[in-house]
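A.B. asks: So here's upload-v4.cif, just mmCIF, N, CA, C and O atoms:
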data_my_file
loop_
_atom_site.label_atom_id
_atom_site.label_comp_id
_atom_site.auth_asym_id
_atom_site.auth_seq_id
_atom_site.Cartn_x
_atom_site.Cartn_y
_atom_site.Cartn_z
N MET A 1 -45.15 -2.63 -12.28
CA MET A 1 -44.47 -1.38 -12.51
C MET A 1 -43.00 -1.64 -12.85
O MET A 1 -42.33 -2.43 -12.20
N THR A 2 -42.48 -0.97 -13.85
CA THR A 2 -41.11 -1.14 -14.30
C THR A 2 -40.19 -0.19 -13.55
O THR A 2 -40.48 0.99 -13.40
N THR A 3 -39.06 -0.71 -13.08
CA THR A 3 -38.07 0.11 -12.41
C THR A 3 -37.25 0.84 -13.47
O THR A 3 -36.86 0.24 -14.47
N PRO A 4 -36.99 2.14 -13.27
CA PRO A 4 -36.18 2.86 -14.26
C PRO A 4 -34.78 2.27 -14.36
O PRO A 4 -34.24 1.78 -13.36
N ALA A 5 -34.22 2.30 -15.55
CA ALA A 5 -32.87 1.78 -15.76
C ALA A 5 -31.86 2.58 -14.96
O ALA A 5 -31.99 3.79 -14.81
N THR A 6 -30.88 1.87 -14.42
CA THR A 6 -29.78 2.53 -13.72
C THR A 6 -28.55 2.45 -14.61
O THR A 6 -28.20 1.37 -15.10
N THR A 7 -27.90 3.57 -14.80
CA THR A 7 -26.67 3.63 -15.59
C THR A 7 -25.55 4.11 -14.69
O THR A 7 -25.72 5.04 -13.91
N ALA A 8 -24.41 3.44 -14.81
CA ALA A 8 -23.20 3.85 -14.08
C ALA A 8 -22.20 4.35 -15.11
O ALA A 8 -21.92 3.67 -16.10
N LEU A 9 -21.70 5.56 -14.89
CA LEU A 9 -20.65 6.11 -15.73
C LEU A 9 -19.35 6.05 -14.95
O LEU A 9 -19.28 6.48 -13.80
N MET A 10 -18.32 5.50 -15.57
CA MET A 10 -17.01 5.42 -14.93
C MET A 10 -16.05 6.31 -15.70
O MET A 10 -16.01 6.28 -16.94
N TRP A 11 -15.29 7.09 -14.97
CA TRP A 11 -14.33 8.04 -15.52
C TRP A 11 -13.02 7.79 -14.80
O TRP A 11 -12.98 7.82 -13.57
N GLU A 12 -11.93 7.52 -15.54
CA GLU A 12 -10.65 7.21 -14.90
C GLU A 12 -9.53 7.97 -15.61
O GLU A 12 -9.49 8.03 -16.84
N ALA A 13 -8.66 8.57 -14.80
CA ALA A 13 -7.52 9.31 -15.35
C ALA A 13 -6.28 9.00 -14.54
O ALA A 13 -6.35 8.74 -13.34
N ARG A 14 -5.14 9.07 -15.21
CA ARG A 14 -3.85 8.92 -14.53
C ARG A 14 -3.15 10.27 -14.60
O ARG A 14 -3.02 10.86 -15.67
N ALA A 15 -2.71 10.74 -13.44
CA ALA A 15 -2.08 12.05 -13.36
C ALA A 15 -0.68 12.05 -13.95
O ALA A 15 0.03 11.04 -13.92
N ALA A 16 -0.29 13.19 -14.48
CA ALA A 16 1.09 13.40 -14.89
C ALA A 16 1.98 13.30 -13.65
O ALA A 16 1.51 13.47 -12.52
N GLU A 17 3.25 13.03 -13.85
CA GLU A 17 4.21 12.89 -12.75
C GLU A 17 4.10 14.06 -11.78
O GLU A 17 4.16 15.22 -12.18
N GLY A 18 3.85 13.74 -10.51
CA GLY A 18 3.79 14.74 -9.47
C GLY A 18 2.49 15.54 -9.41
O GLY A 18 2.38 16.48 -8.62
N GLN A 19 1.48 15.15 -10.21
CA GLN A 19 0.24 15.92 -10.29
C GLN A 19 -0.96 15.20 -9.68
O GLN A 19 -2.10 15.61 -9.87
N GLY A 20 -0.73 14.12 -8.92
CA GLY A 20 -1.84 13.34 -8.35
C GLY A 20 -2.75 14.15 -7.45
O GLY A 20 -3.98 14.08 -7.55
N THR A 21 -2.18 14.92 -6.56
CA THR A 21 -2.98 15.73 -5.64
C THR A 21 -3.79 16.77 -6.40
O THR A 21 -4.96 17.01 -6.11
N GLU A 22 -3.17 17.38 -7.39
CA GLU A 22 -3.85 18.41 -8.19
C GLU A 22 -4.98 17.81 -9.02
O GLU A 22 -6.05 18.40 -9.14
N LEU A 23 -4.75 16.61 -9.59
CA LEU A 23 -5.81 15.96 -10.37
C LEU A 23 -7.00 15.63 -9.47
O LEU A 23 -8.15 15.89 -9.83
N LEU A 24 -6.73 15.09 -8.29
CA LEU A 24 -7.82 14.76 -7.37
C LEU A 24 -8.59 16.02 -6.98
O LEU A 24 -9.82 16.02 -6.96
N ALA A 25 -7.89 17.10 -6.69
CA ALA A 25 -8.55 18.36 -6.35
C ALA A 25 -9.40 18.87 -7.51
O ALA A 25 -10.53 19.34 -7.32
N TRP A 26 -8.88 18.76 -8.72
CA TRP A 26 -9.63 19.19 -9.91
C TRP A 26 -10.93 18.38 -10.04
O TRP A 26 -12.00 18.95 -10.26
N VAL A 27 -10.82 17.05 -9.89
CA VAL A 27 -12.00 16.18 -10.01
C VAL A 27 -13.04 16.55 -8.96
O VAL A 27 -14.23 16.68 -9.26
N ARG A 28 -12.61 16.72 -7.73
CA ARG A 28 -13.54 17.05 -6.64
C ARG A 28 -14.24 18.38 -6.86
O ARG A 28 -15.36 18.58 -6.38
N ALA A 29 -13.60 19.30 -7.56
CA ALA A 29 -14.19 20.63 -7.80
C ALA A 29 -15.21 20.64 -8.93
O ALA A 29 -15.95 21.61 -9.09
N GLN A 30 -15.27 19.56 -9.71
CA GLN A 30 -16.19 19.51 -10.85
C GLN A 30 -17.62 19.22 -10.38
O GLN A 30 -17.84 18.25 -9.65
N THR A 31 -18.55 20.04 -10.80
CA THR A 31 -19.96 19.78 -10.51
C THR A 31 -20.61 19.21 -11.76
O THR A 31 -20.16 19.47 -12.88
N LEU A 32 -21.63 18.43 -11.56
CA LEU A 32 -22.36 17.83 -12.67
C LEU A 32 -23.78 18.36 -12.68
O LEU A 32 -24.43 18.45 -11.65
N ASP A 33 -24.25 18.71 -13.86
CA ASP A 33 -25.60 19.23 -14.02
C ASP A 33 -26.25 18.51 -15.19
O ASP A 33 -25.79 18.68 -16.32
N PRO A 34 -27.24 17.69 -14.90
CA PRO A 34 -27.86 17.45 -13.60
C PRO A 34 -26.92 16.64 -12.69
O PRO A 34 -25.95 16.05 -13.15
N ALA A 35 -27.26 16.62 -11.41
CA ALA A 35 -26.47 15.87 -10.44
C ALA A 35 -26.85 14.39 -10.48
O ALA A 35 -28.03 14.05 -10.67
N PRO A 36 -25.89 13.49 -10.30
CA PRO A 36 -26.20 12.06 -10.28
C PRO A 36 -26.90 11.67 -8.98
O PRO A 36 -26.86 12.39 -7.99
N VAL A 37 -27.50 10.48 -8.98
CA VAL A 37 -28.10 9.92 -7.77
C VAL A 37 -27.00 9.66 -6.74
O VAL A 37 -27.17 9.90 -5.55
N ARG A 38 -25.85 9.19 -7.23
CA ARG A 38 -24.71 8.90 -6.35
C ARG A 38 -23.42 9.15 -7.12
O ARG A 38 -23.35 8.91 -8.32
N ARG A 39 -22.42 9.63 -6.39
CA ARG A 39 -21.10 9.88 -6.99
C ARG A 39 -20.04 9.38 -6.02
O ARG A 39 -20.06 9.71 -4.84
N GLU A 40 -19.11 8.58 -6.53
CA GLU A 40 -18.04 8.01 -5.71
C GLU A 40 -16.70 8.34 -6.37
O GLU A 40 -16.56 8.21 -7.58
N THR A 41 -15.73 8.74 -5.56
CA THR A 41 -14.40 9.07 -6.07
C THR A 41 -13.38 8.18 -5.37
O THR A 41 -13.41 8.04 -4.15
N TYR A 42 -12.49 7.59 -6.16
CA TYR A 42 -11.48 6.67 -5.64
C TYR A 42 -10.10 7.09 -6.15
O TYR A 42 -9.99 7.73 -7.20
N THR A 43 -9.06 6.70 -5.43
CA THR A 43 -7.70 6.84 -5.91
C THR A 43 -7.05 5.46 -5.92
O THR A 43 -7.50 4.54 -5.22
N ALA A 44 -5.99 5.32 -6.71
CA ALA A 44 -5.26 4.06 -6.81
C ALA A 44 -3.78 4.37 -7.03
O ALA A 44 -3.43 5.50 -7.41
N PRO A 45 -2.93 3.37 -6.79
CA PRO A 45 -1.51 3.58 -7.05
C PRO A 45 -1.28 4.09 -8.47
O PRO A 45 -2.06 3.82 -9.39
N GLY A 46 -0.20 4.82 -8.63
CA GLY A 46 0.11 5.39 -9.94
C GLY A 46 -0.61 6.71 -10.16
O GLY A 46 -0.75 7.14 -11.31
N ASP A 47 -1.08 7.34 -9.08
CA ASP A 47 -1.78 8.63 -9.17
C ASP A 47 -2.97 8.55 -10.12
O ASP A 47 -3.20 9.43 -10.95
N ARG A 48 -3.75 7.47 -9.97
CA ARG A 48 -4.97 7.32 -10.76
C ARG A 48 -6.17 7.77 -9.94
O ARG A 48 -6.23 7.58 -8.73
N VAL A 49 -7.13 8.37 -10.62
CA VAL A 49 -8.38 8.83 -10.00
C VAL A 49 -9.53 8.20 -10.78
O VAL A 49 -9.56 8.24 -12.02
N LEU A 50 -10.48 7.63 -10.05
CA LEU A 50 -11.66 6.99 -10.65
C LEU A 50 -12.90 7.64 -10.06
O LEU A 50 -12.99 7.80 -8.84
N VAL A 51 -13.84 7.99 -10.92
CA VAL A 51 -15.13 8.53 -10.48
C VAL A 51 -16.21 7.65 -11.08
O VAL A 51 -16.22 7.39 -12.28
N ILE A 52 -17.13 7.19 -10.22
CA ILE A 52 -18.29 6.42 -10.67
C ILE A 52 -19.52 7.22 -10.30
O ILE A 52 -19.70 7.58 -9.14
N THR A 53 -20.35 7.52 -11.29
CA THR A 53 -21.61 8.20 -11.03
C THR A 53 -22.75 7.26 -11.41
O THR A 53 -22.63 6.47 -12.34
N HIS A 54 -23.84 7.35 -10.65
CA HIS A 54 -25.01 6.50 -10.86
C HIS A 54 -26.20 7.37 -11.24
O HIS A 54 -26.44 8.40 -10.60
N TRP A 55 -26.93 6.94 -12.25
CA TRP A 55 -28.04 7.72 -12.80
C TRP A 55 -29.27 6.85 -12.95
O TRP A 55 -29.16 5.68 -13.31
N GLU A 56 -30.43 7.42 -12.71
CA GLU A 56 -31.70 6.72 -12.90
C GLU A 56 -32.38 7.27 -14.15
O GLU A 56 -32.36 8.48 -14.40
N GLY A 57 -33.01 6.39 -14.90
CA GLY A 57 -33.78 6.81 -16.07
C GLY A 57 -32.93 6.97 -17.32
O GLY A 57 -31.77 6.60 -17.36
N PRO A 58 -33.54 7.55 -18.36
CA PRO A 58 -32.90 7.60 -19.67
C PRO A 58 -31.89 8.74 -19.85
O PRO A 58 -31.27 8.85 -20.88
N GLY A 59 -31.71 9.58 -18.88
CA GLY A 59 -30.77 10.71 -19.04
C GLY A 59 -31.54 12.00 -19.11
O GLY A 59 -32.76 11.99 -18.95
N PRO A 60 -30.91 13.10 -19.30
CA PRO A 60 -29.49 13.24 -19.65
C PRO A 60 -28.59 12.97 -18.45
O PRO A 60 -29.01 13.07 -17.31
N PHE A 61 -27.34 12.64 -18.76
CA PHE A 61 -26.33 12.38 -17.75
C PHE A 61 -25.27 13.48 -17.81
O PHE A 61 -24.80 13.82 -18.88
N GLY A 62 -24.90 13.99 -16.66
CA GLY A 62 -23.80 14.95 -16.61
C GLY A 62 -22.49 14.18 -16.62
O GLY A 62 -22.32 13.25 -15.84
N GLU A 63 -21.60 14.52 -17.51
CA GLU A 63 -20.33 13.79 -17.61
C GLU A 63 -19.16 14.69 -17.26
O GLU A 63 -19.16 15.88 -17.60
N LEU A 64 -18.18 14.13 -16.58
CA LEU A 64 -16.98 14.88 -16.26
C LEU A 64 -16.22 15.21 -17.54
O LEU A 64 -16.05 14.34 -18.41
N PRO A 65 -15.72 16.42 -17.66
CA PRO A 65 -14.93 16.78 -18.83
C PRO A 65 -13.50 16.25 -18.69
O PRO A 65 -13.14 15.65 -17.67
N ASP A 66 -12.71 16.48 -19.70
CA ASP A 66 -11.28 16.17 -19.61
C ASP A 66 -10.61 17.24 -18.75
O ASP A 66 -10.91 18.43 -18.89
N PRO A 67 -9.69 16.84 -17.89
CA PRO A 67 -8.94 17.82 -17.11
C PRO A 67 -7.96 18.58 -18.01
O PRO A 67 -7.70 18.16 -19.15
N PRO A 68 -7.39 19.65 -17.50
CA PRO A 68 -6.34 20.33 -18.26
C PRO A 68 -5.22 19.34 -18.62
O PRO A 68 -4.84 18.49 -17.80
N ALA A 69 -4.69 19.46 -19.81
CA ALA A 69 -3.69 18.50 -20.31
C ALA A 69 -2.49 18.36 -19.40
O ALA A 69 -1.92 17.28 -19.27
N GLY A 70 -2.08 19.42 -18.73
CA GLY A 70 -0.91 19.36 -17.86
C GLY A 70 -1.08 18.47 -16.65
O GLY A 70 -0.10 18.11 -16.01
N LEU A 71 -2.32 18.09 -16.33
CA LEU A 71 -2.57 17.20 -15.20
C LEU A 71 -2.52 15.73 -15.59
O LEU A 71 -2.52 14.86 -14.73
N LEU A 72 -2.51 15.43 -16.90
CA LEU A 72 -2.69 14.05 -17.35
C LEU A 72 -1.41 13.38 -17.85
O LEU A 72 -0.60 13.99 -18.55
N HIS A 73 -1.30 12.08 -17.52
CA HIS A 73 -0.25 11.22 -18.06
C HIS A 73 -0.68 10.62 -19.39
O HIS A 73 0.15 10.38 -20.26
N ARG A 74 -1.98 10.40 -19.54
CA ARG A 74 -2.56 9.81 -20.75
C ARG A 74 -4.01 10.27 -20.84
O ARG A 74 -4.55 10.81 -19.89
N PRO A 75 -4.67 10.05 -21.97
CA PRO A 75 -6.08 10.47 -22.09
C PRO A 75 -6.97 9.79 -21.06
O PRO A 75 -6.69 8.68 -20.61
N VAL A 76 -8.06 10.45 -20.73
CA VAL A 76 -9.07 9.91 -19.81
C VAL A 76 -9.73 8.69 -20.43
O VAL A 76 -9.95 8.64 -21.65
N HIS A 77 -10.04 7.70 -19.60
CA HIS A 77 -10.83 6.53 -20.04
C HIS A 77 -12.24 6.68 -19.50
O HIS A 77 -12.43 7.09 -18.35
N ARG A 78 -13.23 6.32 -20.32
CA ARG A 78 -14.64 6.41 -19.91
C ARG A 78 -15.36 5.12 -20.29
O ARG A 78 -15.12 4.57 -21.37
N TRP A 79 -16.25 4.68 -19.39
CA TRP A 79 -17.08 3.52 -19.66
C TRP A 79 -18.50 3.82 -19.19
O TRP A 79 -18.71 4.54 -18.23
N ARG A 80 -19.48 3.22 -19.85
CA ARG A 80 -20.89 3.37 -19.48
C ARG A 80 -21.47 1.98 -19.33
O ARG A 80 -21.34 1.14 -20.22
N PHE A 81 -22.10 1.73 -18.17
CA PHE A 81 -22.70 0.42 -17.87
C PHE A 81 -24.16 0.60 -17.53
O PHE A 81 -24.54 1.57 -16.86
N THR A 82 -24.99 -0.35 -17.96
CA THR A 82 -26.40 -0.36 -17.60
C THR A 82 -26.67 -1.56 -16.70
O THR A 82 -26.28 -2.69 -17.02
N ARG A 83 -27.32 -1.30 -15.59
CA ARG A 83 -27.64 -2.37 -14.62
C ARG A 83 -28.60 -3.37 -15.24
O ARG A 83 -29.57 -2.98 -15.90
N VAL A 84 -28.34 -4.66 -15.01
CA VAL A 84 -29.18 -5.71 -15.59
C VAL A 84 -29.95 -6.51 -14.57
O VAL A 84 -30.75 -7.37 -14.92
N ASP A 85 -29.72 -6.32 -13.28
CA ASP A 85 -30.52 -7.06 -12.28
C ASP A 85 -30.84 -6.17 -11.10
O ASP A 85 -30.39 -5.10 -10.95
#
When written as structure tokens, how does the structure in this file appear?

C.D. replies:
Amino acid sequence: MTTPATTALMWEARAAEGQGTELLAWVRAQTLDPAPVRRETYTAPGDRVLVITHWEGPGPFGELPDPPAGLLHRPVHRWRFTRVD
């Protein structure tokens, strides 16, 4: 029996000056439809927020949108990874 592919979507944004708390609150308020198997939210120095979602099978995958421009220092970065082992 073949195990369904696991895909991890990574979403990372850096908040505009003084907007770190607001960006984190915005990210936490976003729902994904469909919902991922797992969702993890991290913060890092420089008011950065990282969200990793894990998905089983071929999709569809719910993706986080771009936050309002006033919350961002630069455009959102996105990466998609497929598990290999």

A.B. asks: Could you tell me, as a list in words, which residues have any atom at most 10 Å from (0.7, 13.7, -11.0), counting only C-alpha atoms?

C.D. replies: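 Applying the cut-off with only C-alpha atoms, one gets Arg14, Ala15, Ala16, Glu17, Gly18, Gln19, Gly20, Thr21, Glu22, Leu23, Leu24, Gly46, Asp47, Arg48, Gly70, Leu71, Leu72 and His73 of chain A.
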
A.B. asks: Suppose we keep N, CA, C and O atoms; can you now write the selection as a JSON list (two decimals), in the coordinates of the input?

C.D. replies:
[["chain", "number", "residue", "atom", "x", "y", "z"],
["A", 14, "ARG", "N", -5.14, 9.07, -15.21],
["A", 14, "ARG", "CA", -3.85, 8.92, -14.53],
["A", 14, "ARG", "C", -3.15, 10.27, -14.60],
["A", 14, "ARG", "O", -3.02, 10.86, -15.67],
["A", 15, "ALA", "N", -2.71, 10.74, -13.44],
["A", 15, "ALA", "CA", -2.08, 12.05, -13.36],
["A", 15, "ALA", "C", -0.68, 12.05, -13.95],
["A", 15, "ALA", "O", 0.03, 11.04, -13.92],
["A", 16, "ALA", "N", -0.29, 13.19, -14.48],
["A", 16, "ALA", "CA", 1.09, 13.40, -14.89],
["A", 16, "ALA", "C", 1.98, 13.30, -13.65],
["A", 16, "ALA", "O", 1.51, 13.47, -12.52],
["A", 17, "GLU", "N", 3.25, 13.03, -13.85],
["A", 17, "GLU", "CA", 4.21, 12.89, -12.75],
["A", 17, "GLU", "C", 4.10, 14.06, -11.78],
["A", 17, "GLU", "O", 4.16, 15.22, -12.18],
["A", 18, "GLY", "N", 3.85, 13.74, -10.51],
["A", 18, "GLY", "CA", 3.79, 14.74, -9.47],
["A", 18, "GLY", "C", 2.49, 15.54, -9.41],
["A", 18, "GLY", "O", 2.38, 16.48, -8.62],
["A", 19, "GLN", "N", 1.48, 15.15, -10.21],
["A", 19, "GLN", "CA", 0.24, 15.92, -10.29],
["A", 19, "GLN", "C", -0.96, 15.20, -9.68],
["A", 19, "GLN", "O", -2.10, 15.61, -9.87],
["A", 20, "GLY", "N", -0.73, 14.12, -8.92],
["A", 20, "GLY", "CA", -1.84, 13.34, -8.35],
["A", 20, "GLY", "C", -2.75, 14.15, -7.45],
["A", 20, "GLY", "O", -3.98, 14.08, -7.55],
["A", 21, "THR", "N", -2.18, 14.92, -6.56],
["A", 21, "THR", "CA", -2.98, 15.73, -5.64],
["A", 21, "THR", "C", -3.79, 16.77, -6.40],
["A", 21, "THR", "O", -4.96, 17.01, -6.11],
["A", 22, "GLU", "N", -3.17, 17.38, -7.39],
["A", 22, "GLU", "CA", -3.85, 18.41, -8.19],
["A", 22, "GLU", "C", -4.98, 17.81, -9.02],
["A", 22, "GLU", "O", -6.05, 18.40, -9.14],
["A", 23, "LEU", "N", -4.75, 16.61, -9.59],
["A", 23, "LEU", "CA", -5.81, 15.96, -10.37],
["A", 23, "LEU", "C", -7.00, 15.63, -9.47],
["A", 23, "LEU", "O", -8.15, 15.89, -9.83],
["A", 24, "LEU", "N", -6.73, 15.09, -8.29],
["A", 24, "LEU", "CA", -7.82, 14.76, -7.37],
["A", 24, "LEU", "C", -8.59, 16.02, -6.98],
["A", 24, "LEU", "O", -9.82, 16.02, -6.96],
["A", 46, "GLY", "N", -0.20, 4.82, -8.63],
["A", 46, "GLY", "CA", 0.11, 5.39, -9.94],
["A", 46, "GLY", "C", -0.61, 6.71, -10.16],
["A", 46, "GLY", "O", -0.75, 7.14, -11.31],
["A", 47, "ASP", "N", -1.08, 7.34, -9.08],
["A", 47, "ASP", "CA", -1.78, 8.63, -9.17],
["A", 47, "ASP", "C", -2.97, 8.55, -10.12],
["A", 47, "ASP", "O", -3.20, 9.43, -10.95],
["A", 48, "ARG", "N", -3.75, 7.47, -9.97],
["A", 48, "ARG", "CA", -4.97, 7.32, -10.76],
["A", 48, "ARG", "C", -6.17, 7.77, -9.94],
["A", 48, "ARG", "O", -6.23, 7.58, -8.73],
["A", 70, "GLY", "N", -2.08, 19.42, -18.73],
["A", 70, "GLY", "CA", -0.91, 19.36, -17.86],
["A", 70, "GLY", "C", -1.08, 18.47, -16.65],
["A", 70, "GLY", "O", -0.10, 18.11, -16.01],
["A", 71, "LEU", "N", -2.32, 18.09, -16.33],
["A", 71, "LEU", "CA", -2.57, 17.20, -15.20],
["A", 71, "LEU", "C", -2.52, 15.73, -15.59],
["A", 71, "LEU", "O", -2.52, 14.86, -14.73],
["A", 72, "LEU", "N", -2.51, 15.43, -16.90],
["A", 72, "LEU", "CA", -2.69, 14.05, -17.35],
["A", 72, "LEU", "C", -1.41, 13.38, -17.85],
["A", 72, "LEU", "O", -0.60, 13.99, -18.55],
["A", 73, "HIS", "N", -1.30, 12.08, -17.52],
["A", 73, "HIS", "CA", -0.25, 11.22, -18.06],
["A", 73, "HIS", "C", -0.68, 10.62, -19.39],
["A", 73, "HIS", "O", 0.15, 10.38, -20.26]]

A.B. asks: Have a look at atom O of A:Ala29 and atom O of A:Thr82 and let me know their distance in Å, one decimal.

C.D. replies: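 Those two atoms sit 27.6 Å apart.
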
A.B. asks: Suppose you want the space between atom CA of A:Thr41 and atom CA of A:Pro4; what is it in Å?

C.D. replies: 24.1 Å

A.B. asks: Using DSSP on the backbone coordinates, identify all residues within stretch 1-82 of chain A classified as alpha helix (DSSP H); present the result as a list of chain:residue names.

C.D. replies: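 Selection result, alpha helix (DSSP H) within stretch 1-82 of chain A: A:Gly20, A:Thr21, A:Glu22, A:Leu23, A:Leu24, A:Ala25, A:Trp26, A:Val27, A:Arg28, A:Ala29.
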
A.B. asks: Grab the atom CA of A:Val37 to atom CA of A:Ala69 distance for me, in Å with one decimal place.

C.D. replies: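 Between atom CA of A:Val37 and atom CA of A:Ala69 the gap is 28.8 Å.
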
A.B. asks: Expand the PyMOL selection byres ((chain A and resi 60) around 7) into the individual residues it matches in the shown file, reporting them as an MDAnalysis selection string.

C.D. replies: chainID A and resid 33:35 56:59 61:62

A.B. asks: Write out as a PyMOL selection string the residues lying within 6 Å of A:Val49, counting all atoms listed in the file and excluding same-chain residues fewer than 6 positions away.

C.D. replies: chain A and resi 11-15+42-43

A.B. asks: If the PyMOL selection byres (((chain A and resi 83 and name CA) around 9) and name CA) is run on the structure shown, which residues does it catch, given as a PyMOL selection string?

C.D. replies: chain A and resi 5-8+81-82+84-85

A.B. asks: Can you list, as a VMD selection string, all residues belonging to stretch 9-82 of chain A that DSSP tags as strand (DSSP E or B)?

C.D. replies: chain A and resid 9 to 15 38 to 44 48 to 56 72 77 to 82

A.B. asks: Do you know which residues are at most 8 Å from A:Leu9 counting all atoms listed in the file, after dropping those on the same chain fewer than 4 positions away, and could you put them as a count of residues only?

C.D. replies: 17
